[in-house]
>>> print(open('structure-v9.pdb').read())   # PDB, C-alpha atoms and all ligand atoms
ATOM      1  CA  MET S  84      -7.063 -28.211 -24.937
ATOM      2  CA  MET S  85      -7.536 -24.908 -23.100
ATOM      3  CA  LYS S  86     -11.026 -23.824 -24.056
ATOM      4  CA  PRO S  87     -12.156 -20.480 -22.609
ATOM      5  CA  GLU S  88     -15.534 -21.048 -20.981
ATOM      6  CA  GLY S  89     -16.627 -17.594 -19.918
ATOM      7  CA  ARG S  90     -15.055 -15.144 -17.547
ATOM      8  CA  PRO S  91     -15.537 -14.210 -13.921
ATOM      9  CA  VAL S  92     -17.875 -11.358 -13.068
ATOM     10  CA  VAL S  93     -17.242  -9.232  -9.978
ATOM     11  CA  ASP S  94     -20.095  -7.591  -8.089
ATOM     12  CA  PRO S  95     -18.786  -4.063  -7.310
ATOM     13  CA  ASP S  96     -21.175  -3.733  -4.361
ATOM     14  CA  LEU S  97     -19.573  -6.730  -2.623
ATOM     15  CA  CYS S  98     -15.957  -6.085  -3.623
ATOM     16  CA  ARG S  99     -13.539  -4.649  -1.028
ATOM     17  CA  GLN S 100     -10.771  -4.053  -3.552
ATOM     18  CA  CYS S 101      -8.397  -6.331  -1.582
ATOM     19  CA  GLY S 102      -6.746  -7.602  -4.792
ATOM     20  CA  LYS S 103      -6.573 -11.270  -3.686
ATOM     21  CA  CYS S 104      -8.359 -12.503  -6.812
ATOM     22  CA  MET S 105      -5.805 -10.847  -9.086
ATOM     23  CA  ALA S 106      -2.889 -12.160  -7.026
ATOM     24  CA  VAL S 107      -3.893 -15.803  -7.518
ATOM     25  CA  CYS S 108      -4.847 -15.738 -11.206
ATOM     26  CA  SER S 109      -2.082 -17.289 -13.282
ATOM     27  CA  LEU S 110      -3.452 -15.789 -16.500
ATOM     28  CA  ASP S 111      -4.059 -12.188 -15.402
ATOM     29  CA  VAL S 112      -7.674 -12.444 -16.503
ATOM     30  CA  LEU S 113      -8.756  -9.924 -13.869
ATOM     31  CA  GLU S 114      -7.373  -6.407 -14.015
ATOM     32  CA  PRO S 115      -7.863  -3.455 -11.688
ATOM     33  CA  GLY S 116     -11.058  -1.560 -12.478
ATOM     34  CA  GLU S 117     -12.627   1.565 -11.070
ATOM     35  CA  ARG S 118     -14.847  -0.084  -8.451
ATOM     36  CA  CYS S 119     -13.584  -3.670  -8.627
ATOM     37  CA  PRO S 120     -11.371  -6.004 -10.706
ATOM     38  CA  VAL S 121     -12.720  -6.653 -14.196
ATOM     39  CA  ALA S 122     -12.130  -9.377 -16.771
ATOM     40  CA  THR S 123     -11.193  -7.321 -19.778
ATOM     41  CA  GLY S 124     -11.323 -10.190 -22.226
ATOM     42  CA  ALA S 125      -7.699 -10.057 -23.324
ATOM     43  CA  ALA S 126      -6.599 -13.316 -21.623
ATOM     44  CA  PRO S 127      -8.452 -16.691 -21.711
ATOM     45  CA  CYS S 128      -9.817 -17.937 -18.379
ATOM     46  CA  PHE S 129      -9.287 -21.652 -17.783
ATOM     47  CA  ARG S 130     -11.933 -21.779 -15.031
ATOM     48  CA  CYS S 131      -9.596 -22.913 -12.260
ATOM     49  CA  GLY S 132     -11.886 -21.194  -9.730
ATOM     50  CA  HIS S 133      -9.014 -19.787  -7.678
ATOM     51  CA  CYS S 134     -10.311 -16.195  -7.785
ATOM     52  CA  MET S 135     -13.710 -17.296  -6.459
ATOM     53  CA  ALA S 136     -12.179 -19.583  -3.820
ATOM     54  CA  VAL S 137     -10.000 -16.809  -2.406
ATOM     55  CA  CYS S 138     -12.451 -13.881  -2.422
ATOM     56  CA  PRO S 139     -13.337 -12.996   1.210
ATOM     57  CA  THR S 140     -16.730 -11.500   0.318
ATOM     58  CA  GLY S 141     -17.976 -13.953  -2.299
ATOM     59  CA  ALA S 142     -18.118 -11.127  -4.837
ATOM     60  CA  ILE S 143     -17.180 -13.258  -7.836
ATOM     61  CA  THR S 144     -19.351 -15.497  -9.986
ATOM     62  CA  HIS S 145     -18.472 -17.323 -13.187
ATOM     63  CA  PRO S 146     -20.955 -18.369 -15.885
ATOM     64  CA  GLY S 147     -19.095 -21.659 -16.411
ATOM     65  CA  MET S 148     -18.984 -22.747 -12.771
ATOM     66  CA  ASN S 149     -21.588 -23.889 -10.260
ATOM     67  CA  PRO S 150     -21.438 -21.648  -7.140
ATOM     68  CA  GLU S 151     -22.736 -24.553  -5.017
ATOM     69  CA  HIS S 152     -19.507 -26.433  -5.675
ATOM     70  CA  PHE S 153     -17.492 -23.776  -3.858
ATOM     71  CA  ARG S 154     -17.814 -25.320  -0.431
ATOM     72  CA  GLU S 155     -16.489 -23.695   2.758
ATOM     73  CA  LEU S 156     -13.232 -25.354   3.820
ATOM     74  CA  LEU S 157     -12.266 -26.110   7.398
ATOM     75  CA  PRO S 158      -9.767 -23.576   8.782
ATOM     76  CA  ALA S 159      -6.192 -24.960   8.742
ATOM     77  CA  ALA S 160      -6.207 -25.395  12.545
ATOM     78  CA  GLU S 161      -9.322 -27.623  12.407
ATOM     79  CA  GLY S 162      -8.499 -29.619   9.266
ATOM     80  CA  VAL S 163      -6.800 -33.003   8.950
ATOM     81  CA  THR S 164      -3.626 -33.079  11.006
ATOM     82  CA  SER S 165      -0.333 -34.050   9.463
ATOM     83  CA  GLU S 166      -0.302 -37.159  11.671
ATOM     84  CA  LEU S 167      -3.753 -38.321  10.514
ATOM     85  CA  LEU S 168      -2.919 -37.784   6.871
ATOM     86  CA  PHE S 169       0.343 -39.659   7.298
ATOM     87  CA  ASP S 170      -1.559 -42.542   8.886
ATOM     88  CA  LEU S 171      -3.828 -42.665   5.833
ATOM     89  CA  LEU S 172      -0.859 -42.601   3.452
ATOM     90  CA  ARG S 173       0.762 -45.439   5.384
ATOM     91  CA  LYS S 174      -2.512 -47.350   5.494
ATOM     92  CA  ARG S 175      -3.105 -47.528   1.719
ATOM     93  CA  ARG S 176      -2.134 -50.994   0.499
ATOM     94  CA  SER S 177      -2.620 -52.798  -2.770
ATOM     95  CA  ILE S 178      -5.493 -55.072  -1.779
ATOM     96  CA  ARG S 179      -5.554 -58.528  -3.339
ATOM     97  CA  SER S 180      -8.310 -60.239  -1.371
ATOM     98  CA  TYR S 181     -11.898 -58.999  -1.455
ATOM     99  CA  THR S 182     -15.292 -59.953  -0.047
ATOM    100  CA  ASP S 183     -18.189 -60.540  -2.474
ATOM    101  CA  GLU S 184     -19.915 -57.347  -1.368
ATOM    102  CA  GLN S 185     -20.428 -54.982  -4.300
ATOM    103  CA  VAL S 186     -19.405 -51.329  -4.037
ATOM    104  CA  GLY S 187     -22.490 -49.092  -4.177
ATOM    105  CA  GLU S 188     -22.997 -46.332  -6.730
ATOM    106  CA  ASP S 189     -22.910 -43.663  -3.979
ATOM    107  CA  GLU S 190     -19.503 -44.941  -2.836
ATOM    108  CA  ILE S 191     -18.174 -44.934  -6.402
ATOM    109  CA  MET S 192     -19.450 -41.379  -6.941
ATOM    110  CA  ARG S 193     -17.771 -40.224  -3.723
ATOM    111  CA  LEU S 194     -14.471 -41.808  -4.773
ATOM    112  CA  ILE S 195     -14.698 -40.092  -8.155
ATOM    113  CA  GLU S 196     -15.536 -36.779  -6.521
ATOM    114  CA  ALA S 197     -12.332 -37.188  -4.500
ATOM    115  CA  ALA S 198     -10.441 -38.172  -7.646
ATOM    116  CA  VAL S 199     -11.415 -35.068  -9.616
ATOM    117  CA  GLN S 200     -10.074 -32.748  -6.906
ATOM    118  CA  ALA S 201      -6.637 -33.619  -8.342
ATOM    119  CA  PRO S 202      -4.494 -31.191 -10.331
ATOM    120  CA  SER S 203      -4.667 -31.473 -14.115
ATOM    121  CA  GLY S 204      -2.568 -30.044 -16.926
ATOM    122  CA  LEU S 205      -4.074 -26.747 -18.145
ATOM    123  CA  ASN S 206      -6.964 -27.556 -15.819
ATOM    124  CA  ALA S 207      -8.314 -29.769 -18.620
ATOM    125  CA  GLN S 208      -9.864 -32.337 -16.211
ATOM    126  CA  SER S 209     -10.156 -34.614 -19.219
ATOM    127  CA  TRP S 210     -10.238 -37.860 -17.184
ATOM    128  CA  CYS S 211     -13.120 -40.266 -17.845
ATOM    129  CA  PHE S 212     -14.134 -43.140 -15.576
ATOM    130  CA  THR S 213     -15.676 -46.388 -16.769
ATOM    131  CA  ILE S 214     -17.041 -48.542 -13.970
ATOM    132  CA  ILE S 215     -17.391 -52.246 -14.725
ATOM    133  CA  GLN S 216     -19.416 -54.315 -12.254
ATOM    134  CA  ASP S 217     -20.961 -56.943 -14.540
ATOM    135  CA  PRO S 218     -19.348 -60.276 -13.532
ATOM    136  CA  GLU S 219     -19.733 -61.673 -17.054
ATOM    137  CA  ARG S 220     -17.903 -58.730 -18.629
ATOM    138  CA  MET S 221     -15.165 -58.949 -15.989
ATOM    139  CA  ALA S 222     -14.808 -62.667 -16.731
ATOM    140  CA  ARG S 223     -14.461 -61.895 -20.462
ATOM    141  CA  ILE S 224     -11.752 -59.343 -19.702
ATOM    142  CA  ARG S 225      -9.894 -61.842 -17.499
ATOM    143  CA  ARG S 226     -10.099 -64.586 -20.124
ATOM    144  CA  ARG S 227      -8.836 -62.350 -22.902
ATOM    145  CA  ILE S 228      -5.958 -60.840 -20.891
ATOM    146  CA  ALA S 229      -4.869 -64.317 -19.731
ATOM    147  CA  ALA S 230      -4.968 -65.534 -23.342
ATOM    148  CA  ILE S 231      -2.782 -62.605 -24.466
ATOM    149  CA  TYR S 232      -0.197 -63.321 -21.757
ATOM    150  CA  SER S 233      -0.312 -67.039 -22.427
ATOM    151  CA  PHE S 234       0.524 -66.302 -26.087
ATOM    152  CA  LEU S 235       3.333 -63.876 -25.162
ATOM    153  CA  LEU S 236       4.846 -66.312 -22.626
ATOM    154  CA  ASN S 237       4.839 -69.056 -25.260
ATOM    155  CA  MET S 238       6.747 -66.728 -27.563
ATOM    156  CA  LEU S 239       9.525 -66.583 -24.956
ATOM    157  CA  GLU S 240       9.987 -70.355 -25.148
ATOM    158  CA  SER S 241      12.164 -70.659 -28.250
ATOM    159  CA  ARG S 242      14.984 -68.454 -29.524
ATOM    160  CA  MET S 243      13.312 -67.983 -32.878
ATOM    161  CA  SER S 244       9.903 -66.934 -31.551
ATOM    162  CA  LYS S 245      11.596 -64.678 -28.992
ATOM    163  CA  PHE S 246      13.513 -63.042 -31.818
ATOM    164  CA  MET S 247      10.249 -62.526 -33.737
ATOM    165  CA  LEU S 248       8.624 -61.040 -30.643
ATOM    166  CA  ARG S 249      11.551 -58.638 -30.231
ATOM    167  CA  LEU S 250      11.030 -57.455 -33.794
ATOM    168  CA  GLN S 251       7.342 -56.921 -33.107
ATOM    169  CA  VAL S 252       7.314 -55.253 -29.697
ATOM    170  CA  GLY S 253      10.934 -54.179 -29.142
ATOM    171  CA  THR S 254      13.772 -55.378 -26.909
ATOM    172  CA  GLU S 255      12.655 -53.382 -23.895
ATOM    173  CA  ALA S 256       9.128 -54.819 -23.904
ATOM    174  CA  VAL S 257      10.540 -58.357 -24.105
ATOM    175  CA  SER S 258      12.837 -57.672 -21.109
ATOM    176  CA  VAL S 259       9.863 -56.398 -19.095
ATOM    177  CA  LEU S 260       7.927 -59.512 -20.087
ATOM    178  CA  GLU S 261      10.763 -61.754 -18.904
ATOM    179  CA  GLU S 262      11.074 -59.879 -15.637
ATOM    180  CA  ALA S 263       7.332 -60.151 -14.997
ATOM    181  CA  ARG S 264       7.253 -63.808 -16.036
ATOM    182  CA  PRO S 265       6.447 -65.392 -12.624
ATOM    183  CA  LEU S 266       3.595 -62.938 -12.105
ATOM    184  CA  LEU S 267       2.206 -63.486 -15.606
ATOM    185  CA  GLU S 268       2.520 -67.278 -15.334
ATOM    186  CA  GLY S 269       0.535 -67.018 -12.102
ATOM    187  CA  ILE S 270      -2.233 -65.087 -13.888
ATOM    188  CA  VAL S 271      -2.413 -67.649 -16.701
ATOM    189  CA  ALA S 272      -2.343 -70.655 -14.342
ATOM    190  CA  ALA S 273      -5.005 -69.161 -12.073
ATOM    191  CA  GLN S 274      -7.249 -68.492 -15.051
ATOM    192  CA  LYS S 275      -6.960 -72.163 -16.044
ATOM    193  CA  SER S 276      -7.823 -73.407 -12.562
ATOM    194  CA  GLY S 277     -10.757 -71.050 -11.979
ATOM    195  CA  GLY S 278      -8.825 -68.570  -9.829
ATOM    196  CA  ASP S 279      -8.260 -64.861 -10.374
ATOM    197  CA  ARG S 280      -4.802 -63.354 -10.051
ATOM    198  CA  LEU S 281      -5.594 -60.562 -12.485
ATOM    199  CA  LEU S 282      -8.526 -58.709 -10.901
ATOM    200  CA  TRP S 283      -8.065 -60.464  -7.546
ATOM    201  CA  GLY S 284     -11.747 -61.412  -7.256
ATOM    202  CA  ALA S 285     -12.704 -57.764  -6.784
ATOM    203  CA  PRO S 286     -16.332 -56.890  -7.570
ATOM    204  CA  THR S 287     -15.542 -53.659  -9.446
ATOM    205  CA  LEU S 288     -13.046 -52.690 -12.134
ATOM    206  CA  VAL S 289     -12.436 -48.997 -12.798
ATOM    207  CA  VAL S 290     -10.864 -47.918 -16.061
ATOM    208  CA  VAL S 291      -9.590 -44.363 -16.369
ATOM    209  CA  HIS S 292      -9.071 -42.911 -19.833
ATOM    210  CA  SER S 293      -8.648 -39.537 -21.498
ATOM    211  CA  PRO S 294      -8.853 -38.077 -25.015
ATOM    212  CA  ASP S 295      -5.653 -38.591 -27.057
ATOM    213  CA  GLU S 296      -5.681 -34.869 -27.840
ATOM    214  CA  ASP S 297      -4.921 -33.926 -24.213
ATOM    215  CA  PRO S 298      -1.104 -33.960 -23.958
ATOM    216  CA  THR S 299      -1.210 -34.181 -20.154
ATOM    217  CA  GLY S 300      -4.221 -36.520 -19.938
ATOM    218  CA  LEU S 301      -2.244 -39.566 -18.836
ATOM    219  CA  GLU S 302      -0.275 -37.750 -16.162
ATOM    220  CA  SER S 303      -3.334 -35.903 -14.833
ATOM    221  CA  ALA S 304      -5.347 -39.128 -14.669
ATOM    222  CA  HIS S 305      -2.649 -40.682 -12.483
ATOM    223  CA  TYR S 306      -3.026 -37.908  -9.915
ATOM    224  CA  ALA S 307      -6.800 -38.457  -9.944
ATOM    225  CA  VAL S 308      -6.292 -42.188  -9.413
ATOM    226  CA  ALA S 309      -3.999 -41.459  -6.465
ATOM    227  CA  ASN S 310      -6.776 -39.404  -4.828
ATOM    228  CA  PHE S 311      -9.245 -42.234  -5.522
ATOM    229  CA  MET S 312      -6.962 -44.782  -3.895
ATOM    230  CA  LEU S 313      -6.354 -42.621  -0.821
ATOM    231  CA  MET S 314     -10.048 -41.895  -0.318
ATOM    232  CA  ALA S 315     -10.955 -45.589  -0.481
ATOM    233  CA  PRO S 316      -9.594 -46.704   2.941
ATOM    234  CA  THR S 317     -11.465 -43.838   4.650
ATOM    235  CA  MET S 318     -14.652 -45.601   3.440
ATOM    236  CA  GLY S 319     -13.577 -49.112   4.393
ATOM    237  CA  LEU S 320     -12.668 -49.897   0.776
ATOM    238  CA  GLY S 321      -9.485 -51.219  -0.813
ATOM    239  CA  THR S 322      -7.996 -50.784  -4.279
ATOM    240  CA  CYS S 323      -5.283 -52.302  -6.445
ATOM    241  CA  LEU S 324      -3.814 -50.942  -9.659
ATOM    242  CA  ILE S 325      -3.902 -53.475 -12.479
ATOM    243  CA  GLY S 326      -0.910 -52.487 -14.590
ATOM    244  CA  VAL S 327      -0.849 -55.859 -16.329
ATOM    245  CA  LEU S 328      -4.217 -54.978 -17.839
ATOM    246  CA  THR S 329      -3.180 -51.438 -18.776
ATOM    247  CA  ALA S 330      -0.021 -52.750 -20.469
ATOM    248  CA  VAL S 331      -1.857 -54.778 -23.103
ATOM    249  CA  ALA S 332      -5.447 -53.522 -23.189
ATOM    250  CA  GLU S 333      -4.844 -50.475 -25.338
ATOM    251  CA  HIS S 334      -3.408 -52.499 -28.211
ATOM    252  CA  ASP S 335      -6.089 -55.189 -28.258
ATOM    253  CA  PRO S 336      -9.363 -54.286 -30.026
ATOM    254  CA  ARG S 337     -11.319 -56.914 -28.070
ATOM    255  CA  VAL S 338     -10.170 -55.721 -24.667
ATOM    256  CA  ARG S 339     -10.792 -52.134 -25.787
ATOM    257  CA  GLU S 340     -14.349 -53.173 -26.591
ATOM    258  CA  PHE S 341     -14.815 -55.100 -23.315
ATOM    259  CA  ILE S 342     -13.705 -52.101 -21.258
ATOM    260  CA  GLY S 343     -15.595 -49.607 -23.443
ATOM    261  CA  LEU S 344     -12.516 -47.596 -24.409
ATOM    262  CA  PRO S 345     -13.405 -44.961 -27.047
ATOM    263  CA  GLU S 346     -11.309 -45.076 -30.231
ATOM    264  CA  ASP S 347      -9.737 -41.659 -29.657
ATOM    265  CA  HIS S 348      -8.970 -42.207 -25.968
ATOM    266  CA  THR S 349      -5.805 -43.352 -24.205
ATOM    267  CA  LEU S 350      -6.085 -45.886 -21.413
ATOM    268  CA  ASP S 351      -4.505 -44.163 -18.410
ATOM    269  CA  ALA S 352      -5.056 -46.654 -15.595
ATOM    270  CA  ALA S 353      -7.070 -49.633 -14.461
ATOM    271  CA  LEU S 354      -7.755 -50.484 -10.840
ATOM    272  CA  VAL S 355     -10.033 -52.745  -8.871
ATOM    273  CA  VAL S 356     -12.118 -51.707  -5.865
ATOM    274  CA  GLY S 357     -13.896 -53.659  -3.178
ATOM    275  CA  TYR S 358     -14.129 -54.448   0.519
ATOM    276  CA  PRO S 359     -10.909 -56.097   1.760
ATOM    277  CA  THR S 360     -11.180 -59.422   3.562
ATOM    278  CA  GLU S 361      -8.154 -58.608   5.730
ATOM    279  CA  GLU S 362      -7.323 -55.592   7.857
ATOM    280  CA  TYR S 363      -3.710 -54.479   7.774
ATOM    281  CA  LEU S 364      -2.413 -53.775  11.254
ATOM    282  CA  ARG S 365       0.948 -52.257  10.382
ATOM    283  CA  SER S 366       2.501 -50.033   7.762
ATOM    284  CA  VAL S 367       5.248 -51.560   5.597
ATOM    285  CA  ASP S 368       8.922 -50.772   5.094
ATOM    286  CA  LYS S 369       9.406 -48.611   2.013
ATOM    287  CA  ARG S 370      12.870 -48.302   0.490
ATOM    288  CA  ALA S 371      14.708 -45.068   1.293
ATOM    289  CA  ALA S 372      14.284 -42.782  -1.692
ATOM    290  CA  GLU S 373      17.265 -41.299  -3.478
ATOM    291  CA  ILE S 374      17.211 -37.661  -2.426
ATOM    292  CA  GLU S 375      19.468 -34.824  -3.404
ATOM    293  CA  PHE S 376      19.258 -31.202  -2.271
ATOM    294  CA  ILE S 377      20.881 -28.906  -4.772
TER     295      ILE S 377
HETATM  296  C1  LIG Y 401       2.078 -48.668 -12.294
HETATM  297  C2  LIG Y 401       1.644 -49.746 -11.347
HETATM  298  C3  LIG Y 401       1.148 -50.946 -11.848
HETATM  299  C4  LIG Y 401       0.727 -51.960 -10.973
HETATM  300  N1  LIG Y 401       0.182 -53.099 -11.480
HETATM  301  C5  LIG Y 401      -0.246 -54.092 -10.650
HETATM  302  C6  LIG Y 401      -0.884 -55.274 -11.156
HETATM  303  O1  LIG Y 401      -1.040 -55.444 -12.372
HETATM  304  N2  LIG Y 401      -1.298 -56.218 -10.284
HETATM  305  C7  LIG Y 401      -1.127 -56.069  -8.934
HETATM  306  O2  LIG Y 401      -1.538 -56.942  -8.181
HETATM  307  N3  LIG Y 401      -0.532 -54.946  -8.404
HETATM  308  C8  LIG Y 401      -0.112 -53.949  -9.236
HETATM  309  N4  LIG Y 401       0.448 -52.787  -8.725
HETATM  310  C9  LIG Y 401       0.603 -52.645  -7.260
HETATM  311  C10 LIG Y 401       2.074 -52.778  -6.823
HETATM  312  O3  LIG Y 401       2.498 -54.110  -6.929
HETATM  313  C11 LIG Y 401       2.169 -52.263  -5.388
HETATM  314  O4  LIG Y 401       1.869 -50.881  -5.387
HETATM  315  C12 LIG Y 401       3.552 -52.456  -4.752
HETATM  316  O5  LIG Y 401       3.869 -53.808  -4.656
HETATM  317  C13 LIG Y 401       3.630 -51.840  -3.359
HETATM  318  O6  LIG Y 401       2.610 -52.305  -2.520
HETATM  319  P1  LIG Y 401       1.585 -51.272  -1.830
HETATM  320  O7  LIG Y 401       0.781 -50.632  -2.959
HETATM  321  O8  LIG Y 401       0.711 -52.113  -0.960
HETATM  322  O9  LIG Y 401       2.385 -50.266  -1.081
HETATM  323  C14 LIG Y 401       0.849 -51.780  -9.576
HETATM  324  C15 LIG Y 401       1.358 -50.567  -9.085
HETATM  325  C16 LIG Y 401       1.724 -49.559  -9.952
HETATM  326  C17 LIG Y 401       2.211 -48.236  -9.403
HETATM  327  S1  LIG Y 402     -11.094 -18.821 -12.831
HETATM  328 FE1  LIG Y 402      -8.864 -19.008 -12.686
HETATM  329  S2  LIG Y 402      -8.123 -18.396 -14.693
HETATM  330 FE2  LIG Y 402     -10.234 -17.676 -14.558
HETATM  331  S3  LIG Y 402     -10.055 -15.599 -13.773
HETATM  332 FE3  LIG Y 402     -10.350 -16.898 -12.001
HETATM  333  S4  LIG Y 402      -8.272 -17.330 -11.288
HETATM  334 FE4  LIG Y 402      -8.108 -16.565 -13.394
HETATM  335  S1  LIG Y 403     -10.898 -10.936  -3.981
HETATM  336 FE1  LIG Y 403     -13.067 -10.337  -3.976
HETATM  337  S2  LIG Y 403     -13.085  -8.552  -2.630
HETATM  338 FE2  LIG Y 403     -10.935  -8.875  -3.198
HETATM  339  S3  LIG Y 403     -10.655  -7.586  -5.031
HETATM  340 FE3  LIG Y 403     -11.238  -9.593  -5.755
HETATM  341  S4  LIG Y 403     -13.467  -9.483  -6.003
HETATM  342 FE4  LIG Y 403     -12.871  -7.778  -4.715
END
>>> encode(input="structure-v9.pdb", output="structure tokens")
Amino acid sequence: MMKPEGRPVVDPDLCRQCGKCMAVCSLDVLEPGERCPVATGAAPCFRCGHCMAVCPTGAITHPGMNPEHFRELLPAAEGVTSELLFDLLRKRRSIRSYTDEQVGEDEIMRLIEAAVQAPSGLNAQSWCFTIIQDPERMARIRRRIAAIYSFLLNMLESRMSKFMLRLQVGTEAVSVLEEARPLLEGIVAAQKSGGDRLLWGAPTLVVVHSPDEDPTGLESAHYAVANFMLMAPTMGLGTCLIGVLTAVAEHDPRVREFIGLPEDHTLDAALVVGYPTEEYLRSVDKRAAEIEFI
């Protein structure tokens, strides 16, 4: 996946020979030169931008990167305090009740800009975002997913069909299905009665996918989604991951078509976004994590 896309160029007239750019490059692309560091061409550059972000004089440019995207950062003393960030982390909830107000394109673009600040394996940034706001398409997705779960739940009803299901999807998948049964029955029942316990009545569904060829695409996309979900409450928005969609969508050609998933892409995550009807006043109790210092 690592595709060299040009190399950095150092302006010798601006360079102070401080060496910071070479210290941060994980690939040793830049080497000491007579008047300034030079990219000799021996190592591939994966355009992480670190050398440009660290240079005190702005001496470095890169043909594959837009200099306008290297924005000045607030000094550490003026940036977000630990307390404020912690408040945001505690504030993020899985929102399951939304107003009818649609999320604007500018808001979506800002959330995605936050998302793509995330780390990615080999700096591939291979994540793709499909935004679904058409109510009819969302209804089709809901209907199809509910039908799939209705079929799977029926298969759990008799010993014979359960046995057949085990042969088809494996013992582990059947155990997960049984564990999630109350939740899935709720989705199916709501669909029948005109409710929505799948997408929770949210106005927007976001599907994140990446090319199959990126070995870290799935993992990287999850970090991007985490950024997206943390940015949302700062804009008055709420999100909820829809794992029950992700679990079956990839294997169903019709859902793949409804969510516009390319043939050679993996579905990494699905989440809904909208304006919450309720404001949470308190953080919640999270289980103490198992921690070991070695
Ligand atoms: C992988 C994953 C899949 C999830 N799938 C769903 C889902 O299908 N529907 C849903 O309502 N919530 C889903 N959630 C949200 C969790 O239920 C929620 O994060 C958890 O109950 C804790 O609540 P909190 O997010 O408000 O802290 C999912 C969360 C994760 C991490
Ligand atoms: S962009 Fe990243 S990989 Fe390329 S030279 Fe700069 S620090 Fe090295
Ligand atoms: S960080 Fe900038 S000033 Fe320092 S050596 Fe590299 S190019 Fe020169």
>>> residues_near_point(input="structure-v9.pdb", point="(-4.5, -15.4, 2.6)", cutoff="12 Å", atoms="only C-alpha atoms", output="list of chain:residue names")
S:Cys101, S:Gly102, S:Lys103, S:Cys104, S:Ala106, S:Val107, S:Cys134, S:Ala136, S:Val137, S:Cys138, S:Pro139, S:Pro158, S:Ala159
>>> residues_near_ligand(input="structure-v9.pdb", ligand="ligand LIG 403 (chain Y)", cutoff="10 Å", atoms="all atoms listed in the file", output="MDAnalysis selection string")
chainID S and resid 91:107 113:116 118:121 133:144
>>> axis_aligned_box(input="structure-v9.pdb", around="region 311-324 of chain S", padding_each_side="5 Å", output="JSON")
{"center_x": -9.2, "center_y": -47.1, "center_z": -2.5, "size_x": 20.8, "size_y": 20.4, "size_z": 24.3}
>>> resolve_selection(input="structure-v9.pdb", expression="the PyMOL selection byres (((chain S and resi 293) around 8) and not hetatm)", output="ChimeraX atom specification")
/S:209-211,291-292,294-295,297,300-301,304,348-351
>>> residues_around(input="structure-v9.pdb", residues="region 264-267 of chain S", least_positions_apart="2", cutoff="10 Å", atoms="all atoms listed in the file", output="number ranges by chain")
S: 229, 232-233, 235-236, 239, 258-262, 269-273, 280-281, 327
>>> atom_distance(input="structure-v9.pdb", atom1="CA of Glu340 (chain S)", atom2="CA of Pro202 (chain S)")
29.1 Å
>>> residues_near_ligand(input="structure-v9.pdb", ligand="ligand LIG 401 (chain Y)", cutoff="6 Å", atoms="all atoms listed in the file", output="ChimeraX atom specification")
/S:176-177,323-327
>>> residues_around(input="structure-v9.pdb", residues="Asp217 (chain S)", least_positions_apart="4", cutoff="9 Å", atoms="all atoms listed in the file", output="ChimeraX atom specification")
/S:221-222,286-287
>>> closest_residue(input="structure-v9.pdb", among="S:Leu157, S:Cys108, S:Ala309, S:Leu171", to="Ser366 (chain S)", atoms="only C-alpha atoms")
S:Leu171
>>> resolve_selection(input="structure-v9.pdb", expression="the PyMOL selection byres (((chain S and resi 228) around 8) and not hetatm)", output="VMD selection string")
chain S and resid 224 to 227 229 to 232 328 331 to 332 338
>>> write_last_selection(input="structure-v9.pdb", atoms="C-alpha atoms", output="CSV table (one decimal), in the frame of the given file")
chain,number,residue,atom,x,y,z
S,224,ILE,CA,-11.8,-59.3,-19.7
S,225,ARG,CA,-9.9,-61.8,-17.5
S,226,ARG,CA,-10.1,-64.6,-20.1
S,227,ARG,CA,-8.8,-62.4,-22.9
S,229,ALA,CA,-4.9,-64.3,-19.7
S,230,ALA,CA,-5.0,-65.5,-23.3
S,231,ILE,CA,-2.8,-62.6,-24.5
S,232,TYR,CA,-0.2,-63.3,-21.8
S,328,LEU,CA,-4.2,-55.0,-17.8
S,331,VAL,CA,-1.9,-54.8,-23.1
S,332,ALA,CA,-5.4,-53.5,-23.2
S,338,VAL,CA,-10.2,-55.7,-24.7
>>> decode(input="structure-v9.pdb", residues="region 350-372 of chain S", atoms="C-alpha atoms", output="compact mmCIF listing (two decimals), in the first residue's frame")
# COMPACT_ATOMS: atom_id res chain seq x y z
CA LEU S 350 -17.05 -2.47 5.37
CA ASP S 351 -15.23 -1.07 8.40
CA ALA S 352 -17.99 0.65 10.36
CA ALA S 353 -21.47 2.10 10.17
CA LEU S 354 -22.75 4.86 12.41
CA VAL S 355 -25.67 7.23 12.55
CA VAL S 356 -25.45 10.98 13.17
CA GLY S 357 -28.00 13.58 14.13
CA TYR S 358 -29.11 16.10 16.73
CA PRO S 359 -29.97 14.36 20.02
CA THR S 360 -33.39 14.99 21.54
CA GLU S 361 -32.00 14.61 25.07
CA GLU S 362 -29.05 16.23 26.80
CA TYR S 363 -27.04 13.97 29.07
CA LEU S 364 -26.31 15.65 32.38
CA ARG S 365 -23.91 13.11 33.86
CA SER S 366 -21.16 10.77 32.76
CA VAL S 367 -21.75 7.04 33.26
CA ASP S 368 -20.01 4.37 35.31
CA LYS S 369 -17.56 2.43 33.16
CA ARG S 370 -16.25 -0.91 34.39
CA ALA S 371 -12.73 -0.84 35.82
CA ALA S 372 -10.40 -2.06 33.10
